[in-house]
Amino acid sequence: MNEQFLSETDERVSQKSGSIVAVAGASGFIGQSLGKALATEYEPRGLSRSRRSPSNGYSEFRQVDLFSLRATETALQGAELGIYLVHSMLPAARLVQGTFEDLDVLCAHNFAMAAKRAGLKQIVYVGGL
């Protein structure tokens with residue numbers, strides 16, 4: 001029985017696509033579980049506001065401020081797919097008069113523009129509003 005399980009596991013591991021999937025919001029509630037699930041077929045890269053060590057299935061974490069288009073584009077370089085799970089982010093400076101919805105749209109727009117520039121093939125947007 002163990003021999004059969006090992007051969008099935010080896011077969012699944014060898015079928016990994018090797019594609020990098022960048023997950024914005026990887027340290028959040030959904031993102032923590034998603035990394036483990038993605039790791040069976042992809043190489044998940046977590047994107048987070050703060051520095052983090054690889055964990056929860058993520059092969060690496062990149063620190064990024066989604067309010068910065070340039071920083072987001074850099075964080076997405078080399079990825080083929082993007083998953084956007086971010087909501088309720090506040091700007092680092094906290095000197096903004098925008099509403100929550102304004103800030104949410106700005107970050108999502110930056111992610112989409114950066115993904116296009118970085119050559120991502122697809123974005124999965126998970127909305128919470």
# chains A, B, ... in the order shown; residues from 1 in each chain; ligands from 1
call {"tool": "residues_around", "arguments": {"residues": "Ser33 in chain A", "least_positions_apart": "4", "cutoff": "12 Å", "atoms": "only C-alpha atoms", "output": "compact mmCIF listing (two decimals) with N, CA and C atoms, in the first residue's frame"}}
result
# COMPACT_ATOMS: atom_id res chain seq x y z
N VAL A 23 0.78 35.40 -6.05
CA VAL A 23 -0.44 35.57 -5.27
C VAL A 23 -0.32 36.82 -4.42
N GLY A 25 -1.66 39.03 -1.64
CA GLY A 25 -2.49 38.72 -0.48
C GLY A 25 -2.22 37.33 0.04
N ALA A 26 -1.03 36.82 -0.24
CA ALA A 26 -0.67 35.44 0.14
C ALA A 26 -0.65 35.22 1.64
N SER A 27 -0.45 36.26 2.41
CA SER A 27 -0.38 36.09 3.86
C SER A 27 -1.74 36.21 4.53
N GLY A 28 -2.77 36.47 3.75
CA GLY A 28 -4.12 36.58 4.30
C GLY A 28 -4.76 35.22 4.52
N PHE A 29 -6.00 35.24 4.97
CA PHE A 29 -6.72 34.03 5.33
C PHE A 29 -6.80 33.04 4.16
N ALA A 37 -2.21 24.52 -1.78
CA ALA A 37 -2.96 23.88 -2.86
C ALA A 37 -2.26 24.10 -4.20
N LEU A 38 -1.76 25.31 -4.43
CA LEU A 38 -1.08 25.61 -5.69
C LEU A 38 0.23 24.85 -5.83
N ALA A 39 0.91 24.62 -4.72
CA ALA A 39 2.24 24.00 -4.74
C ALA A 39 2.24 22.59 -5.32
N PRO A 44 4.23 28.56 -6.47
CA PRO A 44 3.59 29.78 -5.99
C PRO A 44 4.58 30.78 -5.40
N GLY A 46 4.50 34.24 -3.18
CA GLY A 46 3.66 35.10 -2.37
C GLY A 46 4.09 36.55 -2.48
N SER A 55 6.80 29.99 3.20
CA SER A 55 5.98 29.15 4.08
C SER A 55 4.64 28.88 3.40
N ASN A 56 3.87 28.00 3.96
CA ASN A 56 2.53 27.68 3.48
C ASN A 56 2.50 27.32 1.99
N GLY A 57 3.54 26.63 1.52
CA GLY A 57 3.58 26.19 0.13
C GLY A 57 4.24 27.18 -0.82
N TYR A 58 4.47 28.40 -0.38
CA TYR A 58 5.08 29.41 -1.24
C TYR A 58 6.59 29.19 -1.31
call {"tool": "residues_around", "arguments": {"residues": "Leu76 in chain A", "least_positions_apart": "4", "cutoff": "12 Å", "atoms": "only C-alpha atoms", "output": "ChimeraX atom specification"}}
result
/A:20-24,44-48,61-64,66,69-72,80-84,110-121,123
call {"tool": "write_last_selection", "arguments": {"atoms": "C-alpha atoms", "output": "short mmCIF file (atom, residue, chain, number, x, y, z; two decimals), in the first residue's frame"}}
result
data_model
loop_
_atom_site.label_atom_id
_atom_site.label_comp_id
_atom_site.auth_asym_id
_atom_site.auth_seq_id
_atom_site.Cartn_x
_atom_site.Cartn_y
_atom_site.Cartn_z
CA ILE A 20 5.11 30.67 -11.36
CA VAL A 21 1.83 31.88 -9.90
CA ALA A 22 2.10 35.21 -8.08
CA VAL A 23 -0.44 35.57 -5.27
CA ALA A 24 -1.12 39.08 -3.99
CA PRO A 44 3.59 29.78 -5.99
CA ARG A 45 5.20 33.14 -5.21
CA GLY A 46 3.66 35.10 -2.37
CA LEU A 47 3.36 38.88 -2.51
CA SER A 48 3.04 40.69 0.78
CA PHE A 61 7.75 35.83 -0.81
CA ARG A 62 8.34 39.23 -2.34
CA GLN A 63 7.65 42.38 -0.42
CA VAL A 64 5.60 44.81 -2.50
CA LEU A 66 0.65 47.62 -4.51
CA LEU A 69 3.06 50.36 -10.11
CA ARG A 70 6.82 49.95 -10.59
CA ALA A 71 7.24 47.84 -7.43
CA THR A 72 4.29 45.66 -8.41
CA GLU A 80 2.80 33.45 -15.79
CA LEU A 81 -0.35 33.74 -13.69
CA GLY A 82 -1.53 36.14 -11.01
CA ILE A 83 -4.09 35.76 -8.26
CA TYR A 84 -5.38 38.92 -6.58
CA ASN A 110 -1.95 48.77 -10.49
CA PHE A 111 -1.86 44.98 -10.27
CA ALA A 112 -3.61 44.64 -13.65
CA MET A 113 -1.33 47.18 -15.35
CA ALA A 114 1.80 45.63 -13.82
CA ALA A 115 0.62 42.15 -14.86
CA LYS A 116 0.20 43.32 -18.44
CA ARG A 117 3.67 44.90 -18.48
CA ALA A 118 5.22 41.81 -16.87
CA GLY A 119 3.59 39.54 -19.47
CA LEU A 120 1.25 37.53 -17.24
CA LYS A 121 -1.13 35.31 -19.21
CA ILE A 123 -5.25 37.12 -13.58
#
call {"tool": "select_by_dssp", "arguments": {"residues": "range 10-51 of chain A", "states": "alpha helix (DSSP H)", "output": "MDAnalysis selection string"}}
result
chainID A and resid 10:14 29:38
call {"tool": "closest_residue", "arguments": {"among": "A:Gly18, A:Asp102, A:Ile30, A:Pro54", "to": "Tyr42 in chain A", "atoms": "only C-alpha atoms"}}
result
A:Gly18
call {"tool": "atom_distance", "arguments": {"atom1": "CA of Val86 in chain A", "atom2": "CA of Phe67 in chain A"}}
result
11.7 Å
call {"tool": "select_by_dssp", "arguments": {"residues": "range 2-81 of chain A", "states": "strand (DSSP E)", "output": "PyMOL selection string"}}
result
chain A and resi 20-24+43-48+60-63+81
call {"tool": "atom_distance", "arguments": {"atom1": "CA of Gln97 in chain A", "atom2": "CA of His109 in chain A"}}
result
18.2 Å
